[in-house]
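Enquirer: model-v9.pdb is reproduced below (PDB, C-alpha atoms).
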```pdb
MODEL        1
ATOM      1  CA  MET A  12       4.969  -5.000  21.044
ATOM      2  CA  ILE A  13       6.448  -1.601  20.177
ATOM      3  CA  PRO A  14       3.988   1.186  19.263
ATOM      4  CA  TYR A  15       5.075   4.024  16.986
ATOM      5  CA  GLY A  16       3.443   6.968  15.269
ATOM      6  CA  PRO A  17       0.840   8.066  14.571
ATOM      7  CA  PHE A  18       1.701   8.479  10.912
ATOM      8  CA  VAL A  19      -0.146   8.821   7.615
ATOM      9  CA  HIS A  20       0.104   5.569   5.677
ATOM     10  CA  TRP A  21       0.066   6.212   1.944
ATOM     11  CA  ILE A  22      -2.768   3.716   1.392
ATOM     12  CA  LEU A  23      -4.643   3.492   4.699
ATOM     13  CA  GLY A  24      -4.438   7.078   5.915
ATOM     14  CA  PRO A  25      -3.900   7.944   9.625
ATOM     15  CA  CYS A  26      -2.440   4.923  11.434
ATOM     16  CA  LEU A  27      -0.897   3.919  14.713
ATOM     17  CA  GLY A  28       1.959   1.515  14.062
ATOM     18  CA  VAL A  29       2.902  -1.573  16.049
ATOM     19  CA  ASN A  30       6.194  -3.404  15.598
ATOM     20  CA  ILE A  31       5.839  -7.026  16.727
ATOM     21  CA  ILE A  32       9.082  -8.240  15.131
ATOM     22  CA  GLY A  33      11.703  -6.295  17.068
ATOM     23  CA  PHE A  34      14.699  -4.383  15.764
ATOM     24  CA  ARG A  35      16.268  -7.257  13.824
ATOM     25  CA  ARG A  36      14.620  -7.592  10.435
ATOM     26  CA  GLU A  37      12.915 -10.945   9.957
ATOM     27  CA  CYS A  38      11.512 -11.536   6.492
ATOM     28  CA  VAL A  39      11.211 -14.217   3.827
ATOM     29  CA  LEU A  40      12.224 -11.621   1.226
ATOM     30  CA  ASN A  41      15.385  -9.552   0.898
ATOM     31  CA  CYS A  42      14.143  -6.845  -1.464
ATOM     32  CA  ILE A  43      16.701  -4.638  -3.182
ATOM     33  CA  TYR A  44      14.838  -1.521  -2.049
ATOM     34  CA  CYS A  45      14.421  -2.504   1.621
ATOM     35  CA  PRO A  46      16.382  -0.130   3.906
ATOM     36  CA  TYR A  47      16.807  -2.745   6.643
ATOM     37  CA  VAL A  48      19.533  -5.376   6.924
ATOM     38  CA  LEU A  49      18.200  -8.932   6.924
ATOM     39  CA  SER A  50      18.782 -10.831  10.168
ATOM     40  CA  LYS A  51      19.417 -14.509  10.611
ATOM     41  CA  GLY A  52      17.573 -16.728  13.043
ATOM     42  CA  LYS A  53      14.010 -16.937  14.222
ATOM     43  CA  CYS A  54      11.699 -14.082  15.041
ATOM     44  CA  THR A  55      12.283 -12.527  18.447
ATOM     45  CA  ARG A  56       9.428 -12.860  20.904
ATOM     46  CA  LEU A  57       8.564  -9.368  22.049
ATOM     47  CA  ASN A  58       6.808  -8.612  25.292
ATOM     48  CA  SER A  59       3.126  -8.944  24.430
ATOM     49  CA  SER A  60       2.087  -6.261  26.941
ATOM     50  CA  ILE A  61      -0.420  -3.955  25.343
ATOM     51  CA  GLU A  62      -0.308  -1.190  27.941
ATOM     52  CA  GLY A  63       2.072   0.993  25.933
ATOM     53  CA  LEU A  64      -0.081   0.679  22.831
ATOM     54  CA  ILE A  65      -3.236   1.566  24.758
ATOM     55  CA  LYS A  66      -1.623   4.694  26.209
ATOM     56  CA  THR A  67      -0.404   5.789  22.785
ATOM     57  CA  TYR A  68      -3.796   5.136  21.217
ATOM     58  CA  GLU A  69      -5.643   7.066  23.927
ATOM     59  CA  LYS A  70      -3.409  10.041  23.215
ATOM     60  CA  TYR A  71      -4.109  10.023  19.468
ATOM     61  CA  SER A  72      -7.487   8.272  19.229
ATOM     62  CA  ASN A  73      -9.094  11.314  17.607
ATOM     63  CA  VAL A  74      -6.839  11.070  14.537
ATOM     64  CA  VAL A  75      -6.110   7.334  14.193
ATOM     65  CA  ASP A  76      -8.268   5.192  11.892
ATOM     66  CA  VAL A  77      -6.190   1.998  11.719
ATOM     67  CA  VAL A  78      -3.680   0.047  13.804
ATOM     68  CA  PHE A  79      -0.922  -0.959  11.386
ATOM     69  CA  ILE A  80       0.956  -4.157  12.284
ATOM     70  CA  GLY A  81       4.312  -3.766  10.600
ATOM     71  CA  GLY A  82       7.903  -3.097  11.462
ATOM     72  CA  TYR A  83      11.236  -4.661  10.655
ATOM     73  CA  GLY A  84       9.916  -7.468   8.493
ATOM     74  CA  ASP A  85       7.012  -9.840   7.999
ATOM     75  CA  SER A  86       4.619  -9.837  10.955
ATOM     76  CA  LEU A  87       3.244 -13.244   9.964
ATOM     77  CA  LEU A  88       6.528 -14.708  11.221
ATOM     78  CA  ASN A  89       5.752 -13.790  14.821
ATOM     79  CA  PRO A  90       4.771 -17.057  16.572
ATOM     80  CA  SER A  91       2.518 -15.140  18.981
ATOM     81  CA  LEU A  92       0.630 -13.305  16.252
ATOM     82  CA  THR A  93      -2.819 -14.619  17.156
ATOM     83  CA  ASN A  94      -2.434 -13.572  20.790
ATOM     84  CA  VAL A  95      -1.098 -10.166  19.776
ATOM     85  CA  LEU A  96      -4.011  -9.544  17.421
ATOM     86  CA  SER A  97      -6.534 -10.719  19.998
ATOM     87  CA  SER A  98      -5.087  -8.340  22.588
ATOM     88  CA  ILE A  99      -5.229  -5.394  20.200
ATOM     89  CA  ARG A 100      -8.756  -6.232  19.065
ATOM     90  CA  SER A 101      -9.984  -6.498  22.651
ATOM     91  CA  ALA A 102      -8.323  -3.294  23.836
ATOM     92  CA  ILE A 103      -8.712  -0.947  20.856
ATOM     93  CA  GLY A 104     -11.838  -0.628  18.770
ATOM     94  CA  VAL A 105     -10.310   0.335  15.427
ATOM     95  CA  LYS A 106      -9.486  -1.574  12.274
ATOM     96  CA  ILE A 107      -6.299  -3.644  12.083
ATOM     97  CA  ALA A 108      -3.991  -3.900   9.061
ATOM     98  CA  LEU A 109      -1.268  -6.542   8.808
ATOM     99  CA  MET A 110       1.776  -6.188   6.544
ATOM    100  CA  THR A 111       3.101  -9.364   4.915
ATOM    101  CA  THR A 112       4.537 -10.713   1.647
ATOM    102  CA  TYR A 113       3.304 -12.834  -1.233
ATOM    103  CA  LEU A 114       5.835 -15.512  -0.282
ATOM    104  CA  SER A 115       4.478 -15.902   3.248
ATOM    105  CA  VAL A 116       0.949 -16.096   1.886
ATOM    106  CA  THR A 117       2.063 -18.782  -0.573
ATOM    107  CA  MET A 118       4.105 -20.860   1.882
ATOM    108  CA  MET A 119       1.928 -20.574   4.978
ATOM    109  CA  CYS A 120      -1.606 -21.664   5.666
ATOM    110  CA  ILE A 121      -2.877 -18.559   7.444
ATOM    111  CA  PRO A 122      -5.181 -19.646  10.284
ATOM    112  CA  ARG A 123      -8.786 -18.578  10.080
ATOM    113  CA  ASP A 124      -8.586 -16.911  13.492
ATOM    114  CA  ILE A 125      -5.903 -14.549  12.187
ATOM    115  CA  LEU A 126      -8.023 -13.634   9.165
ATOM    116  CA  ASP A 127     -10.979 -12.982  11.456
ATOM    117  CA  LEU A 128      -8.905 -10.586  13.560
ATOM    118  CA  VAL A 129      -7.417  -8.597  10.660
ATOM    119  CA  ASP A 130      -9.367  -6.066   8.602
ATOM    120  CA  PHE A 131      -6.718  -5.532   5.902
ATOM    121  CA  MET A 132      -3.950  -7.824   4.659
ATOM    122  CA  ILE A 133      -1.301  -5.685   2.953
ATOM    123  CA  ILE A 134       0.799  -7.892   0.679
ATOM    124  CA  LYS A 135       4.022  -6.906  -1.058
ATOM    125  CA  PHE A 136       3.576  -7.936  -4.688
ATOM    126  CA  ASP A 137       6.247  -6.601  -7.043
ATOM    127  CA  ALA A 138       6.818  -9.141  -9.809
ATOM    128  CA  VAL A 139       5.391 -12.226 -11.509
ATOM    129  CA  SER A 140       8.297 -13.699 -13.454
ATOM    130  CA  GLU A 141      10.941 -15.833 -11.771
ATOM    131  CA  GLU A 142      13.737 -13.599 -13.062
ATOM    132  CA  ALA A 143      12.135 -10.374 -11.804
ATOM    133  CA  VAL A 144      11.238 -11.948  -8.464
ATOM    134  CA  GLU A 145      14.830 -13.092  -7.973
ATOM    135  CA  PHE A 146      16.231  -9.706  -8.967
ATOM    136  CA  ILE A 147      13.832  -7.488  -6.983
ATOM    137  CA  ASN A 148      12.636  -9.552  -4.010
ATOM    138  CA  ARG A 149      15.379 -12.192  -3.599
ATOM    139  CA  PRO A 150      13.122 -14.692  -1.779
ATOM    140  CA  SER A 151      14.455 -17.147   0.782
ATOM    141  CA  ALA A 152      12.642 -20.044  -0.897
ATOM    142  CA  ASN A 153      11.702 -20.998  -4.422
ATOM    143  CA  VAL A 154       8.057 -20.609  -5.278
ATOM    144  CA  ARG A 155       6.083 -21.059  -8.464
ATOM    145  CA  ILE A 156       4.550 -17.823  -9.715
ATOM    146  CA  ASP A 157       1.299 -19.592 -10.573
ATOM    147  CA  ASP A 158       1.073 -20.822  -6.982
ATOM    148  CA  THR A 159       1.711 -17.313  -5.708
ATOM    149  CA  ILE A 160      -1.035 -15.740  -7.799
ATOM    150  CA  ARG A 161      -3.432 -18.543  -6.907
ATOM    151  CA  SER A 162      -2.689 -18.200  -3.165
ATOM    152  CA  VAL A 163      -3.033 -14.421  -3.090
ATOM    153  CA  LYS A 164      -6.220 -14.600  -5.157
ATOM    154  CA  ALA A 165      -7.689 -17.193  -2.790
ATOM    155  CA  LEU A 166      -6.853 -14.959   0.156
ATOM    156  CA  SER A 167      -8.492 -11.966  -1.533
ATOM    157  CA  GLU A 168     -11.727 -13.940  -1.730
ATOM    158  CA  VAL A 169     -11.927 -14.310   2.062
ATOM    159  CA  SER A 170     -10.067 -11.218   3.270
ATOM    160  CA  ASN A 171      -9.610  -7.547   2.395
ATOM    161  CA  VAL A 172      -6.339  -7.777   0.487
ATOM    162  CA  ILE A 173      -4.319  -4.696  -0.417
ATOM    163  CA  LEU A 174      -1.503  -5.250  -2.911
ATOM    164  CA  GLU A 175       1.503  -2.980  -2.424
ATOM    165  CA  VAL A 176       3.387  -2.802  -5.723
ATOM    166  CA  ASN A 177       6.795  -1.162  -6.106
ATOM    167  CA  LEU A 178       7.589  -0.304  -9.734
ATOM    168  CA  LEU A 179      11.271   0.153 -10.557
ATOM    169  CA  ARG A 180      13.199   0.936 -13.721
ATOM    170  CA  GLY A 181      16.803   0.555 -14.754
ATOM    171  CA  SER A 182      19.208  -1.120 -17.133
ATOM    172  CA  SER A 183      18.342  -4.633 -15.974
ATOM    173  CA  ARG A 184      15.778  -6.425 -18.099
ATOM    174  CA  PHE A 185      14.553  -8.123 -14.931
ATOM    175  CA  LEU A 186      12.990  -4.998 -13.441
ATOM    176  CA  ASN A 187       9.210  -4.932 -13.328
ATOM    177  CA  THR A 188       8.661  -1.951 -15.638
ATOM    178  CA  GLU A 189      10.060  -3.772 -18.658
ATOM    179  CA  SER A 190       7.112  -3.941 -21.064
ATOM    180  CA  ILE A 191       6.382  -7.672 -20.978
ATOM    181  CA  GLU A 192       6.959  -7.965 -17.235
ATOM    182  CA  LEU A 193       4.765  -4.938 -16.492
ATOM    183  CA  ARG A 194       1.974  -6.309 -18.663
ATOM    184  CA  LYS A 195       2.104  -9.660 -16.856
ATOM    185  CA  LEU A 196       2.172  -7.917 -13.478
ATOM    186  CA  ILE A 197      -0.894  -5.843 -14.350
ATOM    187  CA  GLU A 198      -2.687  -8.958 -15.599
ATOM    188  CA  ALA A 199      -1.928 -10.724 -12.307
ATOM    189  CA  ILE A 200      -3.211  -7.768 -10.284
ATOM    190  CA  ILE A 201      -6.424  -7.722 -12.302
ATOM    191  CA  ASP A 202      -6.807 -11.486 -11.883
ATOM    192  CA  ILE A 203      -6.350 -11.261  -8.104
ATOM    193  CA  SER A 204      -8.798  -8.325  -7.913
ATOM    194  CA  PRO A 205      -7.746  -7.052  -4.479
ATOM    195  CA  GLN A 206      -9.767  -4.607  -2.452
ATOM    196  CA  ARG A 207      -7.096  -1.976  -3.086
ATOM    197  CA  VAL A 208      -3.913  -1.614  -5.116
ATOM    198  CA  GLY A 209      -1.093   0.641  -3.967
ATOM    199  CA  LEU A 210       1.388   1.761  -6.629
ATOM    200  CA  GLN A 211       4.714   3.275  -5.653
ATOM    201  CA  SER A 212       8.219   3.721  -7.024
ATOM    202  CA  PHE A 213      10.613   3.559  -4.094
ATOM    203  CA  PRO A 214      14.270   2.663  -4.739
ATOM    204  CA  GLY A 215      15.433   2.576  -1.123
ATOM    205  CA  PHE A 216      19.226   2.463  -1.082
ATOM    206  CA  SER A 217      19.455   0.593  -4.388
ATOM    207  CA  ASP A 218      20.735   2.154  -7.600
ATOM    208  CA  VAL A 219      17.591   1.415  -9.617
ATOM    209  CA  GLY A 220      15.524   4.175 -11.174
ATOM    210  CA  THR A 221      12.014   5.292 -10.310
ATOM    211  CA  LEU A 222       8.829   6.230 -12.115
ATOM    212  CA  SER A 223       7.343   9.706 -11.964
ATOM    213  CA  ILE A 224       3.906  10.384 -10.506
ATOM    214  CA  ASN A 225       2.521  10.802 -14.020
ATOM    215  CA  GLU A 226       3.962   7.433 -15.058
ATOM    216  CA  LEU A 227       2.406   5.770 -12.017
ATOM    217  CA  ILE A 228      -0.904   7.386 -12.941
ATOM    218  CA  GLU A 229      -0.598   5.917 -16.442
ATOM    219  CA  VAL A 230      -0.162   2.434 -14.939
ATOM    220  CA  ALA A 231      -3.159   3.119 -12.714
ATOM    221  CA  ARG A 232      -5.179   4.115 -15.785
ATOM    222  CA  VAL A 233      -4.603   0.681 -17.322
ATOM    223  CA  ILE A 234      -5.567  -1.098 -14.102
ATOM    224  CA  SER A 235      -8.624   1.140 -13.694
ATOM    225  CA  ASP A 236     -10.201  -0.384 -16.794
ATOM    226  CA  TYR A 237     -10.811  -3.429 -14.592
ATOM    227  CA  ILE A 238     -10.453  -2.174 -11.007
ATOM    228  CA  SER A 239     -12.189   1.030  -9.915
ATOM    229  CA  TRP A 240     -10.076   4.161  -9.477
ATOM    230  CA  ARG A 241     -11.408   4.319  -5.934
ATOM    231  CA  ARG A 242      -9.505   1.111  -5.204
ATOM    232  CA  ILE A 243      -6.150   2.434  -6.451
ATOM    233  CA  SER A 244      -3.685   4.471  -4.380
ATOM    234  CA  ILE A 245      -0.525   6.124  -5.680
ATOM    235  CA  ARG A 246       2.306   6.967  -3.333
ATOM    236  CA  GLY A 247       3.166  10.624  -3.687
ATOM    237  CA  LEU A 248      -0.415  11.751  -4.140
ATOM    238  CA  PRO A 249      -1.987  13.388  -1.089
ATOM    239  CA  LEU A 250      -3.477  11.563   1.868
ATOM    240  CA  PRO A 251      -5.215  13.119   4.863
ATOM    241  CA  SER A 252      -3.276  15.167   7.361
ATOM    242  CA  LEU A 253      -4.772  16.451  10.583
ATOM    243  CA  HIS A 254      -6.113  19.680   9.086
ATOM    244  CA  ILE A 255      -8.798  19.681   6.408
ATOM    245  CA  ASN A 256      -7.682  22.963   4.805
ATOM    246  CA  GLU A 257      -4.133  21.680   4.384
ATOM    247  CA  GLU A 258      -5.477  18.455   2.897
ATOM    248  CA  VAL A 259      -7.569  20.353   0.363
ATOM    249  CA  GLU A 260      -4.734  22.664  -0.664
ATOM    250  CA  GLU A 261      -2.259  19.810  -1.079
ATOM    251  CA  SER A 262      -4.753  17.695  -3.014
ATOM    252  CA  LEU A 263      -5.822  20.610  -5.202
ATOM    253  CA  ASN A 264      -2.226  21.387  -6.170
ATOM    254  CA  ARG A 265      -1.576  17.744  -7.047
ATOM    255  CA  VAL A 266      -4.699  17.497  -9.185
ATOM    256  CA  LEU A 267      -3.977  20.775 -10.980
ATOM    257  CA  ASN A 268      -0.423  19.669 -11.747
ATOM    258  CA  VAL A 269      -1.805  16.576 -13.465
ATOM    259  CA  ILE A 270      -4.585  18.421 -15.317
ATOM    260  CA  ARG A 271      -1.978  20.797 -16.739
ATOM    261  CA  ASN A 272      -0.499  17.774 -18.529
ATOM    262  CA  PHE A 273      -3.630  15.850 -19.512
ATOM    263  CA  PRO A 274      -7.371  15.777 -18.699
ATOM    264  CA  LEU A 275      -8.771  13.898 -15.717
ATOM    265  CA  ASN A 276     -12.316  12.668 -15.274
ATOM    266  CA  ARG A 277     -14.278  13.057 -12.058
ATOM    267  CA  ASN A 278     -13.532   9.524 -10.822
ATOM    268  CA  GLU A 279      -9.809  10.040 -11.332
ATOM    269  CA  VAL A 280      -9.894  13.261  -9.332
ATOM    270  CA  MET A 281     -11.847  11.494  -6.585
ATOM    271  CA  ALA A 282      -9.249   8.714  -6.524
ATOM    272  CA  MET A 283      -6.419  11.224  -6.131
ATOM    273  CA  CYS A 284      -8.015  12.841  -3.080
ATOM    274  CA  TYR A 285      -8.700  11.317   0.323
ATOM    275  CA  PRO A 286     -10.984  11.291   2.233
ATOM    276  CA  ARG A 287     -14.194  11.941   0.320
ATOM    277  CA  ARG A 288     -14.826  15.333   1.925
ATOM    278  CA  VAL A 289     -11.470  16.513   0.575
ATOM    279  CA  ALA A 290     -12.281  15.225  -2.917
ATOM    280  CA  GLU A 291     -15.623  17.013  -2.940
ATOM    281  CA  GLU A 292     -14.036  20.295  -1.860
ATOM    282  CA  VAL A 293     -11.279  19.943  -4.475
ATOM    283  CA  ILE A 294     -13.836  19.374  -7.237
ATOM    284  CA  ALA A 295     -15.856  22.377  -6.067
ATOM    285  CA  ARG A 296     -12.771  24.590  -6.207
ATOM    286  CA  ILE A 297     -11.762  23.314  -9.646
ATOM    287  CA  LEU A 298     -15.231  24.052 -11.014
ATOM    288  CA  ASN A 299     -14.857  27.656  -9.857
ATOM    289  CA  ARG A 300     -11.588  28.183 -11.727
ATOM    290  CA  ASP A 301     -11.478  30.082 -15.019
ATOM    291  CA  ASP A 302      -8.488  28.133 -16.346
ATOM    292  CA  ILE A 303     -10.141  24.701 -16.012
ATOM    293  CA  ALA A 304     -13.062  23.524 -18.132
ATOM    294  CA  PHE A 305     -15.382  20.621 -17.360
ATOM    295  CA  SER A 306     -16.700  18.850 -20.439
ATOM    296  CA  HIS A 307     -17.930  15.292 -21.089
ATOM    297  CA  ASP A 308     -17.056  14.389 -17.478
ATOM    298  CA  TYR A 309     -13.439  15.548 -17.922
ATOM    299  CA  PHE A 310     -11.540  18.416 -16.324
ATOM    300  CA  MET A 311      -9.118  20.014 -18.769
ATOM    301  CA  LEU A 312      -6.862  23.034 -18.987
ATOM    302  CA  VAL A 313      -8.174  26.058 -20.859
ATOM    303  CA  LYS A 314      -5.656  28.327 -22.535
ATOM    304  CA  ILE A 315      -6.524  31.890 -21.617
TER     305      ILE A 315
ENDMDL
END
```
For the file at hand, write its structure as structure tokens.
Expert:
Amino acid sequence: MIPYGPFVHWILGPCLGVNIIGFRRECVLNCIYCPYVLSKGKCTRLNSSIEGLIKTYEKYSNVVDVVFIGGYGDSLLNPSLTNVLSSIRSAIGVKIALMTTYLSVTMMCIPRDILDLVDFMIIKFDAVSEEAVEFINRPSANVRIDDTIRSVKALSEVSNVILEVNLLRGSSRFLNTESIELRKLIEAIIDISPQRVGLQSFPGFSDVGTLSINELIEVARVISDYISWRRISIRGLPLPSLHINEEVEESLNRVLNVIRNFPLNRNEVMAMCYPRRVAEEVIARILNRDDIAFSHDYFMLVKI
């Protein structure tokens, strides 16, 4: 059990991380964007002592909202996971998030006691066609896409599922931003109806291209017709730091940069700012600006 952080997770906000895998990556996927080299063999059993985590948490308890279980791979592969989660739950009274993959969720029957100990299940979910899955995620086992969607959807009905989606572009027709593939991916996300959706465009060390913030927002707009904006996060948009004034300034600049390109409604502005107190302050400041008009629930640029 190796604590790290605290850090600001792009979906969850302020977190204290815990690596329960070790420093050899153990995962059922070998994603093209992953910066870690895949290891062979079974997951290493780390010392389950929680003393180091407790000391780290006590030092940063005033800024940490979530303990994030994630490190060099899929934490579901740790054979001592239930004991680890129980120790953390008993010692630290904050929410727990567990990072895993759609393949693990599909292949494994996650015990009820694990689900009871975890507040958020963050699932990597990048593609829904066999070709795109093979190109982007390179899974260690074959799995039917229908089974994957069905398994993740079933999990979302009994647990707080967060889908982490990495959108990539390039010359290959098997990337997930190709029109048909992207449409199918969005349809699957809507069908699963997770508690939250995280959209990012992170190439890692691969040579694939990325989407801009505005392009990610456009994808979010489509999803938001079925899933509330409040349940969508976009990597690259501001999340809370330790100082409220810095949060407001960063969020305000992001929102204004978008409004200069196209109007945003109040819910969209709220979704781009976190936490709520930051969003409310950002909206108040926008309403006091002479170059921004508010009409029919939309903020828009006024040419002066």
Enquirer: Rounded to one decimal in Å, what is the spacing between CA of Tyr44 (chain A) and CA of Asp218 (chain A)?
Expert: 8.9 Å
Enquirer: Taking 4 positions as the minimum chain separation for residues in the same chain, which residues sit within 9 Å of Leu267 (chain A) when counting all atoms listed in the file? Answer as number ranges by chain.
Expert: A: 262-263, 271-272, 297, 303, 312
Enquirer: If you measure from CA of Gln211 (chain A) to CA of Ile243 (chain A), what distance in Å do you get, rounded to one decimal?
Expert: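 According to the coordinates, CA of Gln211 (chain A) and CA of Ile243 (chain A) are separated by 10.9 Å.
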Enquirer: I need the residue set behind the PyMOL selection byres ((chain A and resi 291) around 12) for this file; please write it as a list in words.
Expert: Ile255, Glu258, Val259, Ser262, Leu263, Arg277, Asn278, Val280, Met281, Ala282, Met283, Cys284, Tyr285, Pro286, Arg287, Arg288, Val289, Ala290, Glu292, Val293, Ile294, Ala295, Arg296, Ile297 and Leu298 of chain A
Enquirer: Calculated over only C-alpha atoms, which of the candidates A:Leu96, A:His20, A:Ser72, A:Asn225 has the smallest distance to Glu175 (chain A)?
Expert: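 Selected residue with least distance to Glu175 (chain A): A:His20.
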Enquirer: Within 9 Å of Gly16 (chain A), counting all atoms listed in the file, which residues show up once you throw out same-chain ones fewer than 2 positions away? Write them as JSON, numbers by chain, please.
Expert: {"A": [14, 18, 19, 26, 27, 28, 29, 67]}
Enquirer: Which is closer to Ile245 (chain A) than all the others in A:Asn276, A:Leu193, A:Leu210, A:Thr221, using only C-alpha atoms?
Expert: A:Leu210
Enquirer: For CA of Tyr71 (chain A) and CA of Glu261 (chain A), determine how far apart the two atoms are, in Å to one decimal place.
Expert: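 Answer for the CA of Tyr71 (chain A) to CA of Glu261 (chain A) separation: 22.8 Å.
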Enquirer: Apply the PyMOL selection byres ((chain A and resi 199-202) around 12) to the file shown and report the selected residues as a VMD selection string.
Expert: chain A and resid 134 to 140 156 to 165 167 to 168 172 to 176 192 to 198 203 to 210 230 to 231 233 to 239 242 to 243
Enquirer: Could you save the residues just selected, with C-alpha atoms, as a PDB file, in the coordinates of the input?
Expert:
```pdb
ATOM      1  CA  ILE A 134       0.799  -7.892   0.679  1.00  0.00           C
ATOM      2  CA  LYS A 135       4.022  -6.906  -1.058  1.00  0.00           C
ATOM      3  CA  PHE A 136       3.576  -7.936  -4.688  1.00  0.00           C
ATOM      4  CA  ASP A 137       6.247  -6.601  -7.043  1.00  0.00           C
ATOM      5  CA  ALA A 138       6.818  -9.141  -9.809  1.00  0.00           C
ATOM      6  CA  VAL A 139       5.391 -12.226 -11.509  1.00  0.00           C
ATOM      7  CA  SER A 140       8.297 -13.699 -13.454  1.00  0.00           C
ATOM      8  CA  ILE A 156       4.550 -17.823  -9.715  1.00  0.00           C
ATOM      9  CA  ASP A 157       1.299 -19.592 -10.573  1.00  0.00           C
ATOM     10  CA  ASP A 158       1.073 -20.822  -6.982  1.00  0.00           C
ATOM     11  CA  THR A 159       1.711 -17.313  -5.708  1.00  0.00           C
ATOM     12  CA  ILE A 160      -1.035 -15.740  -7.799  1.00  0.00           C
ATOM     13  CA  ARG A 161      -3.432 -18.543  -6.907  1.00  0.00           C
ATOM     14  CA  SER A 162      -2.689 -18.200  -3.165  1.00  0.00           C
ATOM     15  CA  VAL A 163      -3.033 -14.421  -3.090  1.00  0.00           C
ATOM     16  CA  LYS A 164      -6.220 -14.600  -5.157  1.00  0.00           C
ATOM     17  CA  ALA A 165      -7.689 -17.193  -2.790  1.00  0.00           C
ATOM     18  CA  SER A 167      -8.492 -11.966  -1.533  1.00  0.00           C
ATOM     19  CA  GLU A 168     -11.727 -13.940  -1.730  1.00  0.00           C
ATOM     20  CA  VAL A 172      -6.339  -7.777   0.487  1.00  0.00           C
ATOM     21  CA  ILE A 173      -4.319  -4.696  -0.417  1.00  0.00           C
ATOM     22  CA  LEU A 174      -1.503  -5.250  -2.911  1.00  0.00           C
ATOM     23  CA  GLU A 175       1.503  -2.980  -2.424  1.00  0.00           C
ATOM     24  CA  VAL A 176       3.387  -2.802  -5.723  1.00  0.00           C
ATOM     25  CA  GLU A 192       6.959  -7.965 -17.235  1.00  0.00           C
ATOM     26  CA  LEU A 193       4.765  -4.938 -16.492  1.00  0.00           C
ATOM     27  CA  ARG A 194       1.974  -6.309 -18.663  1.00  0.00           C
ATOM     28  CA  LYS A 195       2.104  -9.660 -16.856  1.00  0.00           C
ATOM     29  CA  LEU A 196       2.172  -7.917 -13.478  1.00  0.00           C
ATOM     30  CA  ILE A 197      -0.894  -5.843 -14.350  1.00  0.00           C
ATOM     31  CA  GLU A 198      -2.687  -8.958 -15.599  1.00  0.00           C
ATOM     32  CA  ILE A 203      -6.350 -11.261  -8.104  1.00  0.00           C
ATOM     33  CA  SER A 204      -8.798  -8.325  -7.913  1.00  0.00           C
ATOM     34  CA  PRO A 205      -7.746  -7.052  -4.479  1.00  0.00           C
ATOM     35  CA  GLN A 206      -9.767  -4.607  -2.452  1.00  0.00           C
ATOM     36  CA  ARG A 207      -7.096  -1.976  -3.086  1.00  0.00           C
ATOM     37  CA  VAL A 208      -3.913  -1.614  -5.116  1.00  0.00           C
ATOM     38  CA  GLY A 209      -1.093   0.641  -3.967  1.00  0.00           C
ATOM     39  CA  LEU A 210       1.388   1.761  -6.629  1.00  0.00           C
ATOM     40  CA  VAL A 230      -0.162   2.434 -14.939  1.00  0.00           C
ATOM     41  CA  ALA A 231      -3.159   3.119 -12.714  1.00  0.00           C
ATOM     42  CA  VAL A 233      -4.603   0.681 -17.322  1.00  0.00           C
ATOM     43  CA  ILE A 234      -5.567  -1.098 -14.102  1.00  0.00           C
ATOM     44  CA  SER A 235      -8.624   1.140 -13.694  1.00  0.00           C
ATOM     45  CA  ASP A 236     -10.201  -0.384 -16.794  1.00  0.00           C
ATOM     46  CA  TYR A 237     -10.811  -3.429 -14.592  1.00  0.00           C
ATOM     47  CA  ILE A 238     -10.453  -2.174 -11.007  1.00  0.00           C
ATOM     48  CA  SER A 239     -12.189   1.030  -9.915  1.00  0.00           C
ATOM     49  CA  ARG A 242      -9.505   1.111  -5.204  1.00  0.00           C
ATOM     50  CA  ILE A 243      -6.150   2.434  -6.451  1.00  0.00           C
TER      51      ILE A 243
END
```
Enquirer: Just so the selection is clear, what residues does the PyMOL selection byres ((chain A and resi 38) around 10) cover here, as a VMD selection string?
Expert: chain A and resid 32 35 to 37 39 to 42 49 to 51 53 to 54 83 to 88 111 to 112 114 to 115 150 to 151
Enquirer: Given only C-alpha atoms as the basis, pick out the residue of A:Ala108, A:Met119, A:Val219, A:Ile80 nearest to Asn171 (chain A).
Expert: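 Under the stated criterion, the closest residue is A:Ala108.
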Enquirer: Taking into account all atoms listed in the file, which residue in the set A:Asn30, A:Thr93, A:Ser306, A:Ser98 is nearest to Phe79 (chain A)?
Expert: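 With all atoms listed in the file as the atom set, the closest residue is A:Asn30.
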Enquirer: Would you kindly return, as an MDAnalysis selection string, each protein, DNA or RNA residue with an atom no farther than 6 Å from any atom of Val77 (chain A), considering all atoms listed in the file and excluding same-chain residues fewer than 3 positions away?
Expert: chainID A and resid 26 105:107
Enquirer: Produce a file of the selected residues containing C-alpha atoms, as a PDB file, in the frame of the given file.
Expert:
```pdb
ATOM      1  CA  CYS A  26      -2.440   4.923  11.434  1.00  0.00           C
ATOM      2  CA  VAL A 105     -10.310   0.335  15.427  1.00  0.00           C
ATOM      3  CA  LYS A 106      -9.486  -1.574  12.274  1.00  0.00           C
ATOM      4  CA  ILE A 107      -6.299  -3.644  12.083  1.00  0.00           C
TER       5      ILE A 107
END
```
Enquirer: Counting all atoms listed in the file, figure out which residue out of A:Trp21, A:Thr117, A:Ser91, A:Lys66 gets nearest to Ala152 (chain A).
Expert: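 Going through A:Trp21, A:Thr117, A:Ser91, A:Lys66 one by one, the smallest distance to Ala152 (chain A) is for A:Thr117.
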Enquirer: Which one of A:Val75, A:Leu23, A:Asn187, A:Leu166 sits closest to Pro122 (chain A) if you count all atoms listed in the file?
Expert: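 Looking at the shortest contact to Pro122 (chain A), the residue is A:Leu166.
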